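Participant: For reference, this is model-v9.txt, and it has compact mmCIF, C-alpha atoms and all ligand atoms.
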```
# COMPACT_ATOMS: atom_id res chain seq x y z
CA MET A 286 -169.22 6.02 101.35
CA THR A 287 -165.58 6.87 101.92
CA ALA A 288 -166.59 10.27 103.25
CA ASP A 289 -168.23 8.58 106.21
CA ILE A 290 -165.14 6.78 107.46
CA THR A 291 -164.39 7.79 111.03
CA ILE A 292 -160.91 7.03 112.30
CA PRO A 293 -161.05 5.88 115.96
CA ALA A 294 -159.85 8.68 118.23
CA ASP A 295 -157.13 6.55 119.79
CA LEU A 296 -155.46 6.12 116.40
CA LEU A 297 -155.31 9.83 115.59
CA PRO A 298 -152.11 11.88 115.90
CA ALA A 299 -152.05 14.58 118.58
CA ASP A 300 -151.48 17.16 115.82
CA GLY A 301 -152.84 16.58 112.33
CA ARG A 302 -150.63 18.94 110.33
CA PHE A 303 -148.47 17.06 107.81
CA GLY A 304 -148.33 19.65 105.02
CA CYS A 305 -145.20 20.57 103.08
CA GLY A 306 -145.61 24.32 103.21
CA PRO A 307 -146.91 25.91 105.22
CA THR A 308 -145.97 23.28 107.76
CA LYS A 309 -146.97 22.74 111.37
CA VAL A 310 -146.38 25.82 113.51
CA ARG A 311 -145.75 24.79 117.11
CA GLN A 312 -148.49 25.89 119.49
CA ALA A 313 -145.85 26.93 122.03
CA SER A 314 -144.59 29.42 119.48
CA VAL A 315 -148.08 30.82 118.86
CA ASP A 316 -148.64 31.05 122.63
CA ALA A 317 -145.35 32.90 123.06
CA LEU A 318 -146.42 35.37 120.38
CA ALA A 319 -149.77 35.92 122.08
CA ALA A 320 -148.03 36.33 125.45
CA SER A 321 -145.72 38.98 124.04
CA GLY A 322 -148.77 41.26 124.04
CA GLY A 323 -148.02 44.78 122.86
CA ARG A 324 -144.26 44.42 123.02
CA TYR A 325 -143.75 43.80 119.27
CA LEU A 326 -147.03 43.69 117.33
CA GLY A 327 -148.18 47.12 116.25
CA THR A 328 -144.81 48.73 116.94
CA SER A 329 -142.23 50.24 114.59
CA HIS A 330 -139.82 47.94 112.77
CA ARG A 331 -137.23 50.74 112.99
CA LYS A 332 -137.19 50.66 116.79
CA PRO A 333 -135.16 48.45 119.14
CA GLU A 334 -137.86 45.90 120.08
CA VAL A 335 -138.63 44.68 116.56
CA LYS A 336 -134.99 45.09 115.53
CA SER A 337 -134.13 42.75 118.40
CA LEU A 338 -136.23 40.04 116.69
CA VAL A 339 -134.26 40.47 113.47
CA ALA A 340 -131.03 40.38 115.47
CA ARG A 341 -132.10 37.11 117.14
CA ILE A 342 -132.89 35.61 113.72
CA ARG A 343 -129.54 36.69 112.29
CA THR A 344 -127.50 35.51 115.29
CA GLY A 345 -129.43 32.28 115.64
CA LEU A 346 -129.12 31.35 111.96
CA ARG A 347 -125.40 32.16 111.99
CA GLU A 348 -124.94 29.69 114.80
CA TYR A 349 -127.34 27.09 113.39
CA PHE A 350 -125.63 27.03 109.98
CA ARG A 351 -122.11 27.36 111.51
CA LEU A 352 -121.46 30.30 109.19
CA PRO A 353 -117.98 31.69 108.66
CA ASP A 354 -117.71 35.33 109.84
CA GLU A 355 -117.54 36.70 106.32
CA TYR A 356 -120.94 35.28 105.32
CA GLU A 357 -123.89 37.64 105.90
CA VAL A 358 -127.34 36.62 107.11
CA THR A 359 -129.86 38.75 105.21
CA LEU A 360 -133.65 38.72 105.12
CA SER A 361 -136.46 40.63 103.53
CA ASN A 362 -140.05 40.44 102.41
CA GLY A 363 -141.42 38.31 99.60
CA GLY A 364 -140.35 34.70 100.09
CA ALA A 365 -138.29 32.45 97.84
CA THR A 366 -140.44 33.22 94.79
CA PHE A 367 -139.65 36.89 95.15
CA PHE A 368 -135.98 36.08 95.69
CA TRP A 369 -135.79 34.42 92.24
CA ASP A 370 -136.78 37.72 90.64
CA ALA A 371 -134.39 39.71 92.84
CA ALA A 372 -131.59 37.26 91.96
CA GLY A 373 -132.23 37.89 88.26
CA PHE A 374 -131.66 41.60 88.82
CA SER A 375 -128.95 41.53 91.47
CA LEU A 376 -126.98 38.27 91.18
CA ILE A 377 -127.03 36.93 87.60
CA GLU A 378 -124.54 38.89 85.51
CA GLN A 379 -125.31 37.47 82.07
CA ARG A 380 -126.34 33.85 82.12
CA SER A 381 -127.37 31.22 84.67
CA ALA A 382 -127.41 27.41 84.62
CA HIS A 383 -130.28 25.69 86.45
CA ALA A 384 -130.69 22.17 87.76
CA VAL A 385 -134.35 21.55 86.83
CA PHE A 386 -136.10 18.52 88.32
CA GLY A 387 -139.53 19.69 89.44
CA GLU A 388 -141.87 22.65 89.71
CA PHE A 389 -139.87 24.90 92.00
CA SER A 390 -136.52 24.51 90.26
CA ALA A 391 -138.29 25.16 86.93
CA LYS A 392 -139.83 28.38 88.23
CA PHE A 393 -136.51 30.12 88.88
CA ALA A 394 -135.34 29.19 85.39
CA LYS A 395 -138.56 30.61 83.93
CA SER A 396 -138.06 33.86 85.82
CA ALA A 397 -134.47 34.18 84.57
CA ALA A 398 -135.64 33.51 81.00
CA LEU A 399 -137.98 36.51 81.25
CA MET A 400 -135.27 39.00 82.20
CA PRO A 401 -134.59 41.02 79.05
CA PHE A 402 -131.02 41.90 80.04
CA LEU A 403 -129.94 38.25 80.60
CA ASP A 404 -129.08 35.54 78.08
CA ASP A 405 -131.36 32.53 78.02
CA PRO A 406 -130.60 30.23 80.96
CA VAL A 407 -129.01 26.81 80.49
CA LEU A 408 -131.26 24.03 81.78
CA ILE A 409 -129.73 20.87 83.23
CA GLU A 410 -132.76 18.63 83.51
CA ALA A 411 -133.58 15.33 85.14
CA PRO A 412 -136.90 13.47 85.19
CA VAL A 413 -139.13 14.06 88.21
CA GLY A 414 -138.24 11.61 90.98
CA SER A 415 -134.52 12.15 90.36
CA HIS A 416 -132.04 15.05 90.18
CA PRO A 417 -129.38 15.99 87.63
CA GLN A 418 -125.62 15.98 88.24
CA VAL A 419 -124.40 19.52 87.79
CA GLU A 420 -120.96 19.86 86.24
CA ARG A 421 -119.05 22.78 84.83
CA VAL A 422 -120.97 24.78 82.25
CA ASP A 423 -118.96 27.24 80.17
CA GLY A 424 -120.22 30.79 79.85
CA VAL A 425 -122.42 30.96 82.93
CA ASP A 426 -121.91 33.08 86.04
CA VAL A 427 -124.55 31.49 88.28
CA TYR A 428 -125.45 27.87 89.05
CA ALA A 429 -128.96 27.50 90.47
CA LEU A 430 -129.49 24.40 92.60
CA THR A 431 -132.47 23.29 94.69
CA HIS A 432 -131.71 21.50 97.94
CA ASN A 433 -135.07 19.79 98.32
CA GLU A 434 -137.54 19.70 95.39
CA THR A 435 -140.73 20.01 97.42
CA SER A 436 -142.90 19.08 94.44
CA THR A 437 -141.32 15.62 94.05
CA GLY A 438 -139.63 14.77 97.36
CA VAL A 439 -136.11 14.64 95.91
CA ALA A 440 -133.15 16.06 97.86
CA MET A 441 -129.84 16.78 96.15
CA PRO A 442 -126.44 17.10 97.83
CA ILE A 443 -125.01 20.60 97.79
CA THR A 444 -121.50 20.72 96.37
CA ARG A 445 -119.90 23.37 94.19
CA PRO A 446 -119.79 22.42 90.53
CA ALA A 447 -116.18 22.73 89.33
CA GLY A 448 -116.02 26.00 87.48
CA ASN A 449 -116.52 29.65 87.97
CA GLY A 450 -119.84 31.10 88.90
CA LEU A 451 -121.83 31.75 92.03
CA VAL A 452 -123.76 28.80 93.49
CA LEU A 453 -127.32 29.82 94.41
CA VAL A 454 -129.29 27.23 96.37
CA ASP A 455 -133.04 27.39 96.79
CA ALA A 456 -133.10 25.63 100.13
CA THR A 457 -136.76 26.28 100.93
CA SER A 458 -138.15 23.17 102.69
CA GLY A 459 -134.69 21.61 103.06
CA ALA A 460 -132.98 24.42 104.98
CA GLY A 461 -132.83 23.65 108.66
CA ALA A 462 -133.65 19.95 108.32
CA ILE A 463 -130.92 18.69 105.98
CA ASP A 464 -127.30 18.93 107.03
CA VAL A 465 -125.27 21.17 104.75
CA ASP A 466 -121.93 22.89 104.43
CA VAL A 467 -123.16 26.35 103.48
CA THR A 468 -119.68 27.26 102.19
CA GLU A 469 -120.41 24.95 99.24
CA SER A 470 -122.78 27.72 98.14
CA ASP A 471 -122.67 31.50 97.71
CA VAL A 472 -126.33 32.11 98.37
CA TYR A 473 -128.32 29.69 100.49
CA TYR A 474 -131.87 31.07 100.55
CA PHE A 475 -135.22 29.93 101.84
CA SER A 476 -138.69 30.89 103.01
CA PRO A 477 -139.29 30.17 106.70
CA GLN A 478 -142.71 28.48 106.54
CA LYS A 479 -141.29 25.00 105.92
CA ALA A 480 -138.56 23.42 108.03
CA PHE A 481 -138.36 26.53 110.23
CA GLY A 482 -142.02 26.12 111.18
CA ALA A 483 -142.73 29.86 110.94
CA GLU A 484 -144.94 31.86 108.58
CA GLY A 485 -144.57 32.73 104.90
CA GLY A 486 -143.82 36.11 103.38
CA LEU A 487 -140.13 36.39 104.26
CA PHE A 488 -136.97 35.13 102.62
CA VAL A 489 -133.63 34.51 104.31
CA ALA A 490 -130.45 34.53 102.21
CA LEU A 491 -127.02 33.54 103.54
CA LEU A 492 -124.53 35.42 101.35
CA SER A 493 -120.86 34.60 100.75
CA PRO A 494 -118.31 37.36 100.21
CA SER A 495 -118.40 36.60 96.45
CA ALA A 496 -122.18 36.98 96.39
CA GLN A 497 -121.92 40.28 98.27
CA ALA A 498 -119.28 41.46 95.79
CA ARG A 499 -121.46 40.44 92.82
CA ILE A 500 -124.44 42.37 94.21
CA GLY A 501 -122.23 45.44 94.59
CA ALA A 502 -120.68 45.09 91.14
CA ILE A 503 -124.03 44.74 89.34
CA ARG A 504 -125.37 47.73 91.21
CA ALA A 505 -122.26 49.75 90.27
CA SER A 506 -122.63 48.68 86.62
CA GLY A 507 -125.65 50.93 86.30
CA ARG A 508 -128.19 48.18 85.53
CA PRO A 509 -131.59 49.68 86.37
CA ILE A 510 -132.94 47.75 89.36
CA PRO A 511 -136.33 48.45 90.96
CA PRO A 512 -135.58 49.12 94.64
CA SER A 513 -137.63 46.27 96.09
CA LEU A 514 -135.63 43.83 93.90
CA ASP A 515 -132.25 45.37 94.70
CA LEU A 516 -130.35 43.00 96.97
CA SER A 517 -127.85 45.72 97.87
CA LEU A 518 -130.68 47.36 99.82
CA VAL A 519 -131.43 44.02 101.46
CA LEU A 520 -127.78 43.72 102.52
CA ASP A 521 -127.67 47.28 103.89
CA ASN A 522 -130.91 46.95 105.82
CA SER A 523 -130.18 43.49 107.20
CA ALA A 524 -126.87 44.75 108.57
CA LYS A 525 -128.97 47.21 110.61
CA ASP A 526 -131.37 44.45 111.73
CA GLN A 527 -134.12 45.89 109.56
CA THR A 528 -136.02 45.08 106.42
CA TYR A 529 -136.21 47.54 103.52
CA ASN A 530 -139.99 47.84 103.78
CA THR A 531 -142.42 46.91 106.54
CA PRO A 532 -142.36 43.23 107.55
CA ALA A 533 -145.08 41.15 109.22
CA VAL A 534 -143.79 41.39 112.77
CA SER A 535 -145.54 38.16 113.78
CA SER A 536 -143.55 36.31 111.09
CA LEU A 537 -140.31 37.69 112.47
CA PHE A 538 -141.35 36.62 115.97
CA LEU A 539 -142.19 33.06 114.90
CA LEU A 540 -138.95 32.71 112.96
CA ALA A 541 -136.82 33.99 115.85
CA ASP A 542 -138.61 31.65 118.25
CA ASN A 543 -138.17 28.61 116.01
CA VAL A 544 -134.51 29.20 115.17
CA GLU A 545 -133.85 29.18 118.91
CA TRP A 546 -136.02 26.10 119.41
CA LEU A 547 -134.08 24.24 116.69
CA LEU A 548 -130.82 25.21 118.39
CA GLU A 549 -132.23 23.77 121.63
CA GLN A 550 -133.01 20.54 119.77
CA GLY A 551 -129.26 20.12 119.35
CA GLY A 552 -128.56 22.16 116.23
CA LEU A 553 -128.53 21.33 112.55
CA THR A 554 -126.83 17.93 112.61
CA ALA A 555 -129.09 16.58 115.38
CA VAL A 556 -132.24 18.01 113.79
CA ALA A 557 -131.28 16.58 110.40
CA GLU A 558 -130.71 13.15 111.93
CA ALA A 559 -134.11 13.28 113.63
CA SER A 560 -135.79 14.23 110.33
CA THR A 561 -134.05 11.39 108.51
CA ALA A 562 -135.24 8.97 111.20
CA LYS A 563 -138.88 10.16 110.90
CA ALA A 564 -138.82 9.99 107.11
CA GLY A 565 -137.24 6.54 107.45
CA LEU A 566 -140.38 5.39 109.27
CA VAL A 567 -142.52 6.53 106.34
CA TYR A 568 -140.32 4.96 103.66
CA ALA A 569 -140.00 1.68 105.58
CA TRP A 570 -143.78 1.57 106.03
CA ALA A 571 -144.29 2.18 102.29
CA ASP A 572 -141.71 -0.47 101.36
CA ALA A 573 -143.55 -3.00 103.50
CA SER A 574 -147.05 -1.93 102.41
CA ALA A 575 -149.12 -3.80 99.84
CA PHE A 576 -150.56 -0.52 98.45
CA ALA A 577 -147.83 2.11 98.97
CA THR A 578 -144.41 2.60 97.32
CA PRO A 579 -141.87 5.42 97.72
CA PHE A 580 -142.02 7.54 94.54
CA VAL A 581 -138.28 8.28 94.61
CA SER A 582 -136.76 4.93 93.73
CA ASP A 583 -133.16 5.73 94.72
CA PRO A 584 -133.08 5.85 98.56
CA ALA A 585 -130.10 8.24 98.41
CA LYS A 586 -132.24 10.85 96.65
CA ARG A 587 -135.24 10.61 99.02
CA SER A 588 -136.03 13.76 100.95
CA PRO A 589 -135.78 13.49 104.75
CA VAL A 590 -138.72 15.90 105.14
CA VAL A 591 -141.04 15.57 102.11
CA CYS A 592 -142.07 11.94 101.68
CA THR A 593 -143.80 11.27 98.35
CA ILE A 594 -145.60 7.94 98.40
CA ASP A 595 -147.27 6.43 95.33
CA ILE A 596 -150.54 4.61 96.02
CA ASP A 597 -151.74 1.54 94.11
CA GLU A 598 -154.09 2.46 91.27
CA SER A 599 -156.92 0.44 92.79
CA ILE A 600 -157.16 3.15 95.49
CA ASP A 601 -157.71 6.85 94.77
CA ALA A 602 -155.05 8.69 96.78
CA SER A 603 -157.10 11.89 96.75
CA ASP A 604 -159.98 9.99 98.40
CA VAL A 605 -157.53 8.88 101.10
CA SER A 606 -156.41 12.50 101.61
CA ASP A 607 -160.04 13.63 101.75
CA VAL A 608 -160.94 11.09 104.43
CA LEU A 609 -157.83 12.01 106.41
CA ARG A 610 -158.79 15.69 106.14
CA ALA A 611 -162.33 14.98 107.34
CA ASN A 612 -160.71 13.35 110.37
CA GLY A 613 -158.42 16.29 111.09
CA ILE A 614 -155.27 15.00 109.32
CA LEU A 615 -154.42 17.80 106.91
CA ASP A 616 -152.55 18.49 103.68
CA THR A 617 -151.44 14.99 102.75
CA ASP A 618 -152.32 15.56 99.07
CA ALA A 619 -149.80 15.13 96.26
CA TYR A 620 -148.35 18.23 94.62
CA ARG A 621 -151.14 18.95 92.17
CA LYS A 622 -149.11 19.54 89.04
CA LEU A 623 -147.14 16.32 89.49
CA GLY A 624 -150.38 14.53 88.61
CA ARG A 625 -149.64 11.24 90.37
CA ASN A 626 -151.80 8.97 92.51
CA GLN A 627 -149.77 9.93 95.51
CA LEU A 628 -149.67 11.11 99.10
CA ARG A 629 -147.10 13.72 100.11
CA LEU A 630 -146.31 13.66 103.81
CA GLY A 631 -144.28 16.38 105.50
CA VAL A 632 -142.22 15.23 108.49
CA PHE A 633 -140.62 18.55 109.36
CA PRO A 634 -138.74 19.18 112.62
CA ALA A 635 -141.88 20.31 114.49
CA VAL A 636 -143.70 17.04 113.73
CA ASP A 637 -143.46 14.52 116.58
CA THR A 638 -142.28 10.96 115.92
CA GLU A 639 -145.35 9.50 117.67
CA ASP A 640 -147.56 11.48 115.31
CA VAL A 641 -145.74 10.00 112.31
CA HIS A 642 -146.47 6.51 113.67
CA ALA A 643 -150.10 7.51 114.21
CA LEU A 644 -150.40 8.99 110.70
CA LEU A 645 -149.21 5.75 109.09
CA GLY A 646 -151.65 3.77 111.23
CA CYS A 647 -154.48 6.07 110.15
CA ILE A 648 -153.62 5.67 106.45
CA ASP A 649 -153.70 1.88 106.88
CA TYR A 650 -157.04 2.16 108.69
CA VAL A 651 -158.58 4.34 105.97
CA VAL A 652 -157.39 2.18 103.08
CA GLU A 653 -158.68 -0.92 104.85
CA ALA A 654 -162.07 0.73 105.47
CA MET A 655 -162.34 1.87 101.82
C1 LIG B 701 -142.30 26.49 98.96
C2 LIG B 701 -141.13 26.59 98.06
C3 LIG B 701 -140.87 27.76 97.33
C4 LIG B 701 -141.81 28.94 97.34
O1 LIG B 701 -141.81 29.59 98.56
P1 LIG B 701 -142.70 30.92 98.72
O2 LIG B 701 -142.43 31.33 100.12
O3 LIG B 701 -144.11 30.53 98.47
O4 LIG B 701 -142.19 31.88 97.71
C5 LIG B 701 -139.75 27.80 96.54
N1 LIG B 701 -138.91 26.76 96.46
C6 LIG B 701 -139.11 25.62 97.14
C7 LIG B 701 -138.13 24.51 97.02
C8 LIG B 701 -140.23 25.51 97.96
O5 LIG B 701 -140.43 24.39 98.65
```
What's the structure tokens form of this structure?
Facilitator:
Amino acid sequence: MTADITIPADLLPADGRFGCGPTKVRQASVDALAASGGRYLGTSHRKPEVKSLVARIRTGLREYFRLPDEYEVTLSNGGATFFWDAAGFSLIEQRSAHAVFGEFSAKFAKSAALMPFLDDPVLIEAPVGSHPQVERVDGVDVYALTHNETSTGVAMPITRPAGNGLVLVDATSGAGAIDVDVTESDVYYFSPQKAFGAEGGLFVALLSPSAQARIGAIRASGRPIPPSLDLSLVLDNSAKDQTYNTPAVSSLFLLADNVEWLLEQGGLTAVAEASTAKAGLVYAWADASAFATPFVSDPAKRSPVVCTIDIDESIDASDVSDVLRANGILDTDAYRKLGRNQLRLGVFPAVDTEDVHALLGCIDYVVEAM
């Protein structure tokens, strides 16, 4: 019985969290939160202590992403999914064009298609396992790109398509671990429970002057916007180191702590190089393996944090994930809706290189034992 396979303790990674969202949260961060006692938790988000967490996040991200002064670091409640809906109200003037190459990129397009005051979005599609090239599209005022398609393990380079229109980048799961020139976008937004190793429930959006102007112009146009979806309120509150409504203070703490930890790791370029090196171990292992193959055939499109690995049909990948889980190695399952016989391995910045080696050894052990 596969369920009975016990991986020898000396093969196991020190930490068994290899999920792609939420990802491993460093224990040091959790300990720091616990040690902060009554300083933040259970206190008002309108008072200096909690506002100091928001200030640390905003200052730290500005440094980490080497932002020009005129870009604003904003954050609020709801995550990237919520941001799609807010963007439909506050950033798309009439029509958006979307690079669609997996579940997450498709979801923003679906949200935009539901907005009764917008024209139907233009979809620029590519098969899963690849990404489209986005060129000028006439008659659109927003281009929606996805930095790292977490459902397929494809990363796309972020460059402005020639043409007018704001460039909105869903960077959730890529942000922080893939080098980027944020000025190639107008809105670089993400949830912090992936590469930033924090908790879900928040979104961060880095806004260019053009994006700020668009938010103001749409608001001034008189379009009815429910307040929680109004990004002008997000801008105003962020500038005061607040969120519009009550945040989970623990999430703010973990994000502030991890932005500073990533800066200590050498900043974005160094962290991105380390992620690429860890993912390289996984892809090289799969290339050499008799039963594993990288799903993304073009090495240039492979994500440096979300490694999708097809498994030979003679082996049930979900059985492998189940055995790993029973042995404390968690969340290695494929993205469900992709429907492939696959493992999806997250090698985010908090994951140690030795643990990646150990994970690959454990997969070999399990497949052998099956
Ligand atoms: C995880 C993820 C999301 C959704 O994030 P939530 O915080 O759950 O809203 C959106 N886009 C991408 C690319 C993701 O990886």
Participant: Would you kindly identify which residues have an atom no farther than 12 Å from (-138.4, 25.6, 102.8), using only C-alpha atoms and the file's own coordinates, and write them out as a compact mmCIF listing (two decimals) with C-alpha atoms, in the coordinates of the input?
Facilitator:
```txt
# COMPACT_ATOMS: atom_id res chain seq x y z
CA GLY A 304 -148.33 19.65 105.02
CA CYS A 305 -145.20 20.57 103.08
CA GLY A 306 -145.61 24.32 103.21
CA PRO A 307 -146.91 25.91 105.22
CA THR A 308 -145.97 23.28 107.76
CA GLY A 364 -140.35 34.70 100.09
CA ALA A 365 -138.29 32.45 97.84
CA THR A 366 -140.44 33.22 94.79
CA PHE A 389 -139.87 24.90 92.00
CA THR A 431 -132.47 23.29 94.69
CA HIS A 432 -131.71 21.50 97.94
CA ASN A 433 -135.07 19.79 98.32
CA GLU A 434 -137.54 19.70 95.39
CA THR A 435 -140.73 20.01 97.42
CA SER A 436 -142.90 19.08 94.44
CA ALA A 440 -133.15 16.06 97.86
CA VAL A 454 -129.29 27.23 96.37
CA ASP A 455 -133.04 27.39 96.79
CA ALA A 456 -133.10 25.63 100.13
CA THR A 457 -136.76 26.28 100.93
CA SER A 458 -138.15 23.17 102.69
CA GLY A 459 -134.69 21.61 103.06
CA ALA A 460 -132.98 24.42 104.98
CA GLY A 461 -132.83 23.65 108.66
CA ALA A 462 -133.65 19.95 108.32
CA ILE A 463 -130.92 18.69 105.98
CA TYR A 473 -128.32 29.69 100.49
CA TYR A 474 -131.87 31.07 100.55
CA PHE A 475 -135.22 29.93 101.84
CA SER A 476 -138.69 30.89 103.01
CA PRO A 477 -139.29 30.17 106.70
CA GLN A 478 -142.71 28.48 106.54
CA LYS A 479 -141.29 25.00 105.92
CA ALA A 480 -138.56 23.42 108.03
CA PHE A 481 -138.36 26.53 110.23
CA GLY A 482 -142.02 26.12 111.18
CA ALA A 483 -142.73 29.86 110.94
CA GLU A 484 -144.94 31.86 108.58
CA GLY A 485 -144.57 32.73 104.90
CA GLY A 486 -143.82 36.11 103.38
CA LEU A 487 -140.13 36.39 104.26
CA PHE A 488 -136.97 35.13 102.62
CA VAL A 489 -133.63 34.51 104.31
CA ALA A 490 -130.45 34.53 102.21
CA VAL A 590 -138.72 15.90 105.14
CA VAL A 591 -141.04 15.57 102.11
CA GLY A 631 -144.28 16.38 105.50
CA PHE A 633 -140.62 18.55 109.36
CA PRO A 634 -138.74 19.18 112.62
```
Participant: Kindly indicate which residue among A:Val534, A:Ala602, A:Val519, A:Val310 lies nearest to Thr328 of chain A, using only C-alpha atoms for the distances.
Facilitator: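 Smallest separation from Thr328 of chain A among the options: A:Val534.
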Participant: Using Å and a single decimal, report how far atom CA of Asp649 of chain A sits from atom CA of Gly414 of chain A.
Facilitator: 24.2 Å
Participant: Give me, please, the distance in Å between atom CA of Gln527 of chain A and atom CA of Ile342 of chain A, quoted to one decimal.
Facilitator: 11.2 Å
Participant: Provide an axis-aligned box for all listed atoms of ligand LIG 701 (chain B), padding each side by 5 Å; report its centre and its edge lengths in Å to one decimal, as lines of an AutoDock Vina configuration file.
Facilitator:
```
center_x = -141.1
center_y = 28.1
center_z = 98.3
size_x = 16.0
size_y = 17.5
size_z = 13.7
```
Participant: Could you tell me how far atom O1 of ligand LIG 701 (chain B) lies from atom CA of Ala299 of chain A, in Å and to one decimal?
Facilitator: 27.0 Å
Participant: Have a look at A:Gly450, A:Gly438, A:Gly301, A:Gly327 and name the one nearest to Pro584 of chain A; count only C-alpha atoms.
Facilitator: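 Comparing A:Gly450, A:Gly438, A:Gly301, A:Gly327 against Pro584 of chain A, the winner is A:Gly438.
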Participant: Could you tell me which of A:Tyr529, A:Phe402, A:Tyr568, A:Phe580 comes closest to Leu623 of chain A if we count only C-alpha atoms?
Facilitator: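 Residue with the minimum atom-to-atom distance to Leu623 of chain A: A:Phe580.
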Participant: So that I can check the surroundings of Leu451 of chain A, please list as a PyMOL selection string every protein, DNA and RNA residue that reaches within 7 Å of it, counting only C-alpha atoms and ignoring chain neighbours fewer than 6 positions away.
Facilitator: chain A and resi 426-428+471+496
Participant: Go ahead and save the picked residues with C-alpha atoms, as an mmCIF file, in the coordinates of the input.
Facilitator:
```
data_model
loop_
_atom_site.group_PDB
_atom_site.id
_atom_site.type_symbol
_atom_site.label_atom_id
_atom_site.label_comp_id
_atom_site.auth_asym_id
_atom_site.auth_seq_id
_atom_site.Cartn_x
_atom_site.Cartn_y
_atom_site.Cartn_z
ATOM 1 C CA ASP A 426 -121.910 33.080 86.040
ATOM 2 C CA VAL A 427 -124.550 31.490 88.280
ATOM 3 C CA TYR A 428 -125.450 27.870 89.050
ATOM 4 C CA ASP A 471 -122.670 31.500 97.710
ATOM 5 C CA ALA A 496 -122.180 36.980 96.390
#
```
